[in-house]
Amino acid sequence: MRNLLILFLIVCSTAYGQTTNFRSDLKEGDLIFQRSMGPQSMLIAAATHSDYTHCGILFFVAGQWQVLEAVEPVKYTPLDEWIKRGKDRHFVIKRLKDRDKSLTPAIITRMKQEGNTMLKKHYDLLFSWTDDKLYCSELIWKLYKHNTNLEVGTTAELKDFDLSNPAIQLEMTKRYGKNIPYHEKVISPDAIFKSPLLLQVTSK
């Protein structure tokens, strides 16, 4: 009985450590992915055939880890709050393979400065490639491209996604009417998640 109790305590302490201590391994510029819970998440999952429908970029701001994300509007969200919003609180964190070379302190500072100019911009329901409104993966892709010249994820056109789901077709008609921009440049959370430039840091 005593041995079983010791084993239980070891398992619990290990699990607890994994939950709390992953923050010590974080680096600014890390990317975090989750399956969001809103109705749009189901459409993105169907169109991209991916479990990951939302993403953000991690920065240490105001004394804590926060996620810069394009929701409504673009904002910083404390990491714990961001994790709670995801399905089953599951998330994956990825990082540039050559992070220490590509993300110098000066570049991180520039990324934060550009990120600050994006704050309070509206979420882009039309997934356009303009900068007046932004969606989550577009924010990440542009921050990296503008500040490191790296393309983290392969862009596609709207027509390249699986648009056969009736719910997707109905939603596209609501948003675009008859003028669906099939050739609009798009970057999806899944494309960034699968980028060969990244390595996985942790998953919970």
# chains A, B, ... in the order shown; residues from 1 in each chain; ligands from 1

$ select_by_dssp --residues "range 80-175 of chain A" --states "strand (DSSP E)" --output "PyMOL selection string"
chain A and resi 92-96+156-157

$ residues_around --residues "Leu198 in chain A" --least-positions-apart "2" --cutoff "8 Å" --atoms "only C-alpha atoms" --output "list in words"
Lys94, Arg95, Leu96, Lys97, Val152, Phe193, Lys194, Ser195, Pro196 and Gln200 of chain A

$ write_last_selection --atoms "C-alpha atoms" --output "PDB file, in the first residue's frame"
ATOM      1  CA  LYS A  94       6.463  25.460 -31.914  1.00  0.00           C
ATOM      2  CA  ARG A  95       9.655  27.437 -32.490  1.00  0.00           C
ATOM      3  CA  LEU A  96      11.991  28.337 -35.347  1.00  0.00           C
ATOM      4  CA  LYS A  97      14.703  25.701 -35.690  1.00  0.00           C
ATOM      5  CA  VAL A 152       6.658  30.485 -41.961  1.00  0.00           C
ATOM      6  CA  PHE A 193       1.813  24.437 -38.067  1.00  0.00           C
ATOM      7  CA  LYS A 194       3.336  22.240 -40.803  1.00  0.00           C
ATOM      8  CA  SER A 195       6.132  24.638 -41.727  1.00  0.00           C
ATOM      9  CA  PRO A 196       9.485  22.819 -42.009  1.00  0.00           C
ATOM     10  CA  GLN A 200       7.799  21.356 -31.656  1.00  0.00           C
TER      11      GLN A 200
END

$ atom_distance --atom1 "CA of Tyr182 in chain A" --atom2 "CA of Lys142 in chain A"
20.9 Å

$ closest_residue --among "A:Leu79, A:Ile107, A:Arg85, A:Asp124" --to "Lys145 in chain A" --atoms "only C-alpha atoms"
A:Ile107

$ select_by_dssp --residues "range 32-109 of chain A" --states "helix (DSSP H, G or I)" --output "PyMOL selection string"
chain A and resi 39-48+79-85+87-89+99-102+105-109

$ write_last_selection --atoms "N, CA and C atoms" --output "PDB file, in the first residue's frame"
ATOM      1  N   PRO A  39     -17.981  28.578 -33.678  1.00  0.00           N
ATOM      2  CA  PRO A  39     -18.541  27.917 -34.869  1.00  0.00           C
ATOM      3  C   PRO A  39     -17.632  28.004 -36.087  1.00  0.00           C
ATOM      4  N   GLN A  40     -16.842  29.102 -36.192  1.00  0.00           N
ATOM      5  CA  GLN A  40     -15.936  29.209 -37.334  1.00  0.00           C
ATOM      6  C   GLN A  40     -14.861  28.141 -37.293  1.00  0.00           C
ATOM      7  N   SER A  41     -14.507  27.689 -36.088  1.00  0.00           N
ATOM      8  CA  SER A  41     -13.480  26.660 -35.943  1.00  0.00           C
ATOM      9  C   SER A  41     -13.835  25.400 -36.718  1.00  0.00           C
ATOM     10  N   MET A  42     -15.105  25.014 -36.670  1.00  0.00           N
ATOM     11  CA  MET A  42     -15.535  23.806 -37.386  1.00  0.00           C
ATOM     12  C   MET A  42     -15.367  23.971 -38.892  1.00  0.00           C
ATOM     13  N   LEU A  43     -15.615  25.170 -39.382  1.00  0.00           N
ATOM     14  CA  LEU A  43     -15.474  25.422 -40.813  1.00  0.00           C
ATOM     15  C   LEU A  43     -14.009  25.404 -41.232  1.00  0.00           C
ATOM     16  N   ILE A  44     -13.148  26.016 -40.404  1.00  0.00           N
ATOM     17  CA  ILE A  44     -11.715  26.015 -40.712  1.00  0.00           C
ATOM     18  C   ILE A  44     -11.160  24.603 -40.678  1.00  0.00           C
ATOM     19  N   ALA A  45     -11.593  23.812 -39.684  1.00  0.00           N
ATOM     20  CA  ALA A  45     -11.135  22.424 -39.589  1.00  0.00           C
ATOM     21  C   ALA A  45     -11.551  21.626 -40.814  1.00  0.00           C
ATOM     22  N   ALA A  46     -12.775  21.846 -41.274  1.00  0.00           N
ATOM     23  CA  ALA A  46     -13.263  21.122 -42.451  1.00  0.00           C
ATOM     24  C   ALA A  46     -12.527  21.548 -43.717  1.00  0.00           C
ATOM     25  N   ALA A  47     -12.230  22.831 -43.831  1.00  0.00           N
ATOM     26  CA  ALA A  47     -11.571  23.343 -45.037  1.00  0.00           C
ATOM     27  C   ALA A  47     -10.098  22.966 -45.102  1.00  0.00           C
ATOM     28  N   THR A  48      -9.448  22.844 -43.942  1.00  0.00           N
ATOM     29  CA  THR A  48      -8.009  22.577 -43.915  1.00  0.00           C
ATOM     30  C   THR A  48      -7.670  21.146 -43.531  1.00  0.00           C
ATOM     31  N   LEU A  79      -1.442  34.002 -21.229  1.00  0.00           N
ATOM     32  CA  LEU A  79      -1.297  32.631 -21.709  1.00  0.00           C
ATOM     33  C   LEU A  79      -2.308  31.678 -21.069  1.00  0.00           C
ATOM     34  N   ASP A  80      -2.477  31.739 -19.750  1.00  0.00           N
ATOM     35  CA  ASP A  80      -3.419  30.830 -19.093  1.00  0.00           C
ATOM     36  C   ASP A  80      -4.832  31.003 -19.631  1.00  0.00           C
ATOM     37  N   GLU A  81      -5.229  32.249 -19.837  1.00  0.00           N
ATOM     38  CA  GLU A  81      -6.561  32.527 -20.372  1.00  0.00           C
ATOM     39  C   GLU A  81      -6.694  31.985 -21.784  1.00  0.00           C
ATOM     40  N   TRP A  82      -5.639  32.133 -22.572  1.00  0.00           N
ATOM     41  CA  TRP A  82      -5.657  31.650 -23.961  1.00  0.00           C
ATOM     42  C   TRP A  82      -5.820  30.134 -23.998  1.00  0.00           C
ATOM     43  N   ILE A  83      -5.084  29.441 -23.151  1.00  0.00           N
ATOM     44  CA  ILE A  83      -5.147  27.975 -23.112  1.00  0.00           C
ATOM     45  C   ILE A  83      -6.541  27.510 -22.736  1.00  0.00           C
ATOM     46  N   LYS A  84      -7.177  28.160 -21.783  1.00  0.00           N
ATOM     47  CA  LYS A  84      -8.510  27.753 -21.323  1.00  0.00           C
ATOM     48  C   LYS A  84      -9.557  27.835 -22.424  1.00  0.00           C
ATOM     49  N   ARG A  85      -9.332  28.681 -23.411  1.00  0.00           N
ATOM     50  CA  ARG A  85     -10.316  28.852 -24.480  1.00  0.00           C
ATOM     51  C   ARG A  85     -10.304  27.704 -25.476  1.00  0.00           C
ATOM     52  N   LYS A  87     -10.126  23.772 -27.115  1.00  0.00           N
ATOM     53  CA  LYS A  87     -10.798  22.498 -26.877  1.00  0.00           C
ATOM     54  C   LYS A  87      -9.930  21.612 -25.987  1.00  0.00           C
ATOM     55  N   ASP A  88     -10.506  21.166 -24.878  1.00  0.00           N
ATOM     56  CA  ASP A  88      -9.830  20.304 -23.898  1.00  0.00           C
ATOM     57  C   ASP A  88      -8.547  20.944 -23.360  1.00  0.00           C
ATOM     58  N   ARG A  89      -8.406  22.249 -23.540  1.00  0.00           N
ATOM     59  CA  ARG A  89      -7.208  22.986 -23.113  1.00  0.00           C
ATOM     60  C   ARG A  89      -5.929  22.440 -23.750  1.00  0.00           C
ATOM     61  N   ARG A  99      16.116  29.549 -34.175  1.00  0.00           N
ATOM     62  CA  ARG A  99      15.547  30.675 -33.456  1.00  0.00           C
ATOM     63  C   ARG A  99      16.605  31.646 -32.957  1.00  0.00           C
ATOM     64  N   ASP A 100      17.667  31.154 -32.346  1.00  0.00           N
ATOM     65  CA  ASP A 100      18.659  32.042 -31.747  1.00  0.00           C
ATOM     66  C   ASP A 100      19.381  32.890 -32.799  1.00  0.00           C
ATOM     67  N   LYS A 101      19.436  32.392 -34.022  1.00  0.00           N
ATOM     68  CA  LYS A 101      20.065  33.154 -35.103  1.00  0.00           C
ATOM     69  C   LYS A 101      19.076  34.143 -35.725  1.00  0.00           C
ATOM     70  N   SER A 102      17.858  33.693 -35.930  1.00  0.00           N
ATOM     71  CA  SER A 102      16.881  34.504 -36.661  1.00  0.00           C
ATOM     72  C   SER A 102      16.142  35.505 -35.788  1.00  0.00           C
ATOM     73  N   PRO A 105      17.535  39.669 -30.052  1.00  0.00           N
ATOM     74  CA  PRO A 105      16.775  40.614 -29.217  1.00  0.00           C
ATOM     75  C   PRO A 105      16.280  41.826 -29.997  1.00  0.00           C
ATOM     76  N   ALA A 106      17.085  42.305 -30.924  1.00  0.00           N
ATOM     77  CA  ALA A 106      16.672  43.475 -31.707  1.00  0.00           C
ATOM     78  C   ALA A 106      15.479  43.151 -32.592  1.00  0.00           C
ATOM     79  N   ILE A 107      15.488  41.953 -33.179  1.00  0.00           N
ATOM     80  CA  ILE A 107      14.371  41.557 -34.041  1.00  0.00           C
ATOM     81  C   ILE A 107      13.113  41.341 -33.212  1.00  0.00           C
ATOM     82  N   ILE A 108      13.256  40.718 -32.049  1.00  0.00           N
ATOM     83  CA  ILE A 108      12.100  40.541 -31.165  1.00  0.00           C
ATOM     84  C   ILE A 108      11.498  41.897 -30.812  1.00  0.00           C
ATOM     85  N   THR A 109      12.354  42.864 -30.521  1.00  0.00           N
ATOM     86  CA  THR A 109      11.868  44.210 -30.208  1.00  0.00           C
ATOM     87  C   THR A 109      11.088  44.793 -31.376  1.00  0.00           C
TER      88      THR A 109
END

$ residues_around --residues "Gln169 in chain A" --least-positions-apart "5" --cutoff "12 Å" --atoms "only C-alpha atoms" --output "VMD selection string"
chain A and resid 43 46 to 47 159 161 to 164 174 to 178 180

$ closest_residue --among "A:Asn147, A:Asn165, A:Thr173, A:Thr154" --to "Gly29 in chain A" --atoms "only C-alpha atoms"
A:Asn147

$ closest_residue --among "A:Gln34, A:Asn179, A:Thr117, A:Thr148" --to "Ile93 in chain A" --atoms "only C-alpha atoms"
A:Gln34

$ residues_around --residues "Asp190 in chain A" --least-positions-apart "6" --cutoff "10 Å" --atoms "only C-alpha atoms" --output "compact mmCIF listing (two decimals) with N, CA and C atoms, in the first residue's frame"
# COMPACT_ATOMS: atom_id res chain seq x y z
N PHE A 33 -0.60 26.91 -30.86
CA PHE A 33 -1.73 26.46 -31.67
C PHE A 33 -2.75 25.76 -30.80
N ILE A 44 -13.15 26.02 -40.40
CA ILE A 44 -11.71 26.02 -40.71
C ILE A 44 -11.16 24.60 -40.68
N ALA A 45 -11.59 23.81 -39.68
CA ALA A 45 -11.14 22.42 -39.59
C ALA A 45 -11.55 21.63 -40.81
N THR A 48 -9.45 22.84 -43.94
CA THR A 48 -8.01 22.58 -43.92
C THR A 48 -7.67 21.15 -43.53
N HIS A 49 -8.69 20.38 -43.09
CA HIS A 49 -8.46 19.00 -42.62
C HIS A 49 -7.44 18.97 -41.49
N SER A 50 -7.57 19.90 -40.57
CA SER A 50 -6.62 20.03 -39.47
C SER A 50 -7.35 20.24 -38.15
N ASP A 51 -6.75 19.75 -37.06
CA ASP A 51 -7.30 19.98 -35.73
C ASP A 51 -6.97 21.37 -35.21
N TYR A 52 -6.02 22.04 -35.84
CA TYR A 52 -5.56 23.33 -35.32
C TYR A 52 -6.17 24.46 -36.14
N THR A 53 -7.02 25.24 -35.47
CA THR A 53 -7.79 26.26 -36.16
C THR A 53 -7.48 27.67 -35.67
N HIS A 54 -6.62 27.79 -34.66
CA HIS A 54 -6.28 29.12 -34.15
C HIS A 54 -4.83 29.12 -33.68
N CYS A 55 -4.18 30.26 -33.81
CA CYS A 55 -2.77 30.35 -33.42
C CYS A 55 -2.44 31.77 -33.00
N SER A 137 -3.57 33.59 -38.40
CA SER A 137 -2.36 33.10 -39.07
C SER A 137 -1.73 34.18 -39.96
N GLY A 153 5.33 28.99 -43.26
CA GLY A 153 4.10 28.42 -43.82
C GLY A 153 3.95 28.82 -45.27
N THR A 154 3.42 27.92 -46.06
CA THR A 154 3.22 28.16 -47.49
C THR A 154 1.84 28.75 -47.73

$ atom_distance --atom1 "CA of Lys121 in chain A" --atom2 "CA of Glu72 in chain A"
7.8 Å

$ atom_distance --atom1 "CA of Trp65 in chain A" --atom2 "CA of Ile187 in chain A"
25.1 Å

$ residues_around --residues "Val74 in chain A" --least-positions-apart "5" --cutoff "7 Å" --atoms "only C-alpha atoms" --output "number ranges by chain"
A: 69, 118-123

$ write_last_selection --atoms "C-alpha atoms" --output "tab-separated table (two decimals), in the first residue's frame"
chain	number	residue	atom	x	y	z
A	69	GLU	CA	-3.56	37.05	-31.42
A	118	MET	CA	-1.73	45.85	-35.03
A	119	LEU	CA	-3.48	46.06	-31.66
A	120	LYS	CA	-7.22	46.85	-31.83
A	121	LYS	CA	-7.43	46.10	-35.55
A	122	HIS	CA	-10.62	44.22	-36.38
A	123	TYR	CA	-10.69	40.51	-37.15

$ decode --residues "range 13-102 of chain A" --atoms "C-alpha atoms" --output "short mmCIF file (atom, residue, chain, number, x, y, z; two decimals), in the first residue's frame"
data_model
loop_
_atom_site.label_atom_id
_atom_site.label_comp_id
_atom_site.auth_asym_id
_atom_site.auth_seq_id
_atom_site.Cartn_x
_atom_site.Cartn_y
_atom_site.Cartn_z
CA SER A 13 4.10 15.57 -9.07
CA THR A 14 5.43 14.79 -12.54
CA ALA A 15 2.15 15.73 -14.17
CA TYR A 16 1.98 18.89 -12.08
CA GLY A 17 5.49 19.84 -13.07
CA GLN A 18 4.70 19.35 -16.73
CA THR A 19 1.68 21.63 -16.41
CA THR A 20 3.44 24.44 -14.61
CA ASN A 21 7.07 24.32 -15.67
CA PHE A 22 6.78 24.42 -19.45
CA ARG A 23 6.79 28.22 -19.16
CA SER A 24 10.43 28.11 -18.14
CA ASP A 25 11.26 26.76 -21.61
CA LEU A 26 9.34 29.42 -23.54
CA LYS A 27 11.07 31.95 -25.76
CA GLU A 28 9.65 35.10 -27.26
CA GLY A 29 8.46 34.53 -30.79
CA ASP A 30 7.28 30.96 -30.07
CA LEU A 31 4.05 30.04 -31.83
CA ILE A 32 1.10 28.43 -30.07
CA PHE A 33 -1.73 26.46 -31.67
CA GLN A 34 -5.10 25.19 -30.47
CA ARG A 35 -8.53 24.03 -31.64
CA SER A 36 -10.75 27.00 -30.91
CA MET A 37 -14.33 26.49 -29.76
CA GLY A 38 -16.34 28.90 -31.91
CA PRO A 39 -18.54 27.92 -34.87
CA GLN A 40 -15.94 29.21 -37.33
CA SER A 41 -13.48 26.66 -35.94
CA MET A 42 -15.54 23.81 -37.39
CA LEU A 43 -15.47 25.42 -40.81
CA ILE A 44 -11.71 26.02 -40.71
CA ALA A 45 -11.14 22.42 -39.59
CA ALA A 46 -13.26 21.12 -42.45
CA ALA A 47 -11.57 23.34 -45.04
CA THR A 48 -8.01 22.58 -43.92
CA HIS A 49 -8.46 19.00 -42.62
CA SER A 50 -6.62 20.03 -39.47
CA ASP A 51 -7.30 19.98 -35.73
CA TYR A 52 -5.56 23.33 -35.32
CA THR A 53 -7.79 26.26 -36.16
CA HIS A 54 -6.28 29.12 -34.15
CA CYS A 55 -2.77 30.35 -33.42
CA GLY A 56 -0.88 33.19 -31.81
CA ILE A 57 2.63 34.36 -31.04
CA LEU A 58 4.12 34.42 -27.55
CA PHE A 59 5.77 37.48 -26.02
CA PHE A 60 6.70 38.35 -22.45
CA VAL A 61 4.72 41.51 -21.78
CA ALA A 62 3.88 43.33 -18.55
CA GLY A 63 5.66 40.71 -16.45
CA GLN A 64 3.90 37.65 -17.87
CA TRP A 65 3.65 35.41 -20.92
CA GLN A 66 0.96 36.64 -23.27
CA VAL A 67 -0.32 35.61 -26.68
CA LEU A 68 -0.58 38.21 -29.40
CA GLU A 69 -3.56 37.05 -31.42
CA ALA A 70 -5.98 38.24 -34.06
CA VAL A 71 -9.44 37.84 -32.58
CA GLU A 72 -11.95 40.67 -32.28
CA PRO A 73 -9.96 42.81 -32.01
CA VAL A 74 -6.24 42.03 -32.23
CA LYS A 75 -4.99 41.93 -28.65
CA TYR A 76 -2.65 40.40 -26.09
CA THR A 77 -4.22 37.57 -24.07
CA PRO A 78 -2.57 36.13 -20.93
CA LEU A 79 -1.30 32.63 -21.71
CA ASP A 80 -3.42 30.83 -19.09
CA GLU A 81 -6.56 32.53 -20.37
CA TRP A 82 -5.66 31.65 -23.96
CA ILE A 83 -5.15 27.98 -23.11
CA LYS A 84 -8.51 27.75 -21.32
CA ARG A 85 -10.32 28.85 -24.48
CA GLY A 86 -9.10 25.87 -26.50
CA LYS A 87 -10.80 22.50 -26.88
CA ASP A 88 -9.83 20.30 -23.90
CA ARG A 89 -7.21 22.99 -23.11
CA HIS A 90 -4.94 21.24 -25.59
CA PHE A 91 -2.20 23.28 -27.23
CA VAL A 92 1.05 22.86 -29.13
CA ILE A 93 3.98 25.28 -29.04
CA LYS A 94 6.46 25.46 -31.91
CA ARG A 95 9.66 27.44 -32.49
CA LEU A 96 11.99 28.34 -35.35
CA LYS A 97 14.70 25.70 -35.69
CA ASP A 98 17.33 28.43 -35.94
CA ARG A 99 15.55 30.67 -33.46
CA ASP A 100 18.66 32.04 -31.75
CA LYS A 101 20.07 33.15 -35.10
CA SER A 102 16.88 34.50 -36.66
#
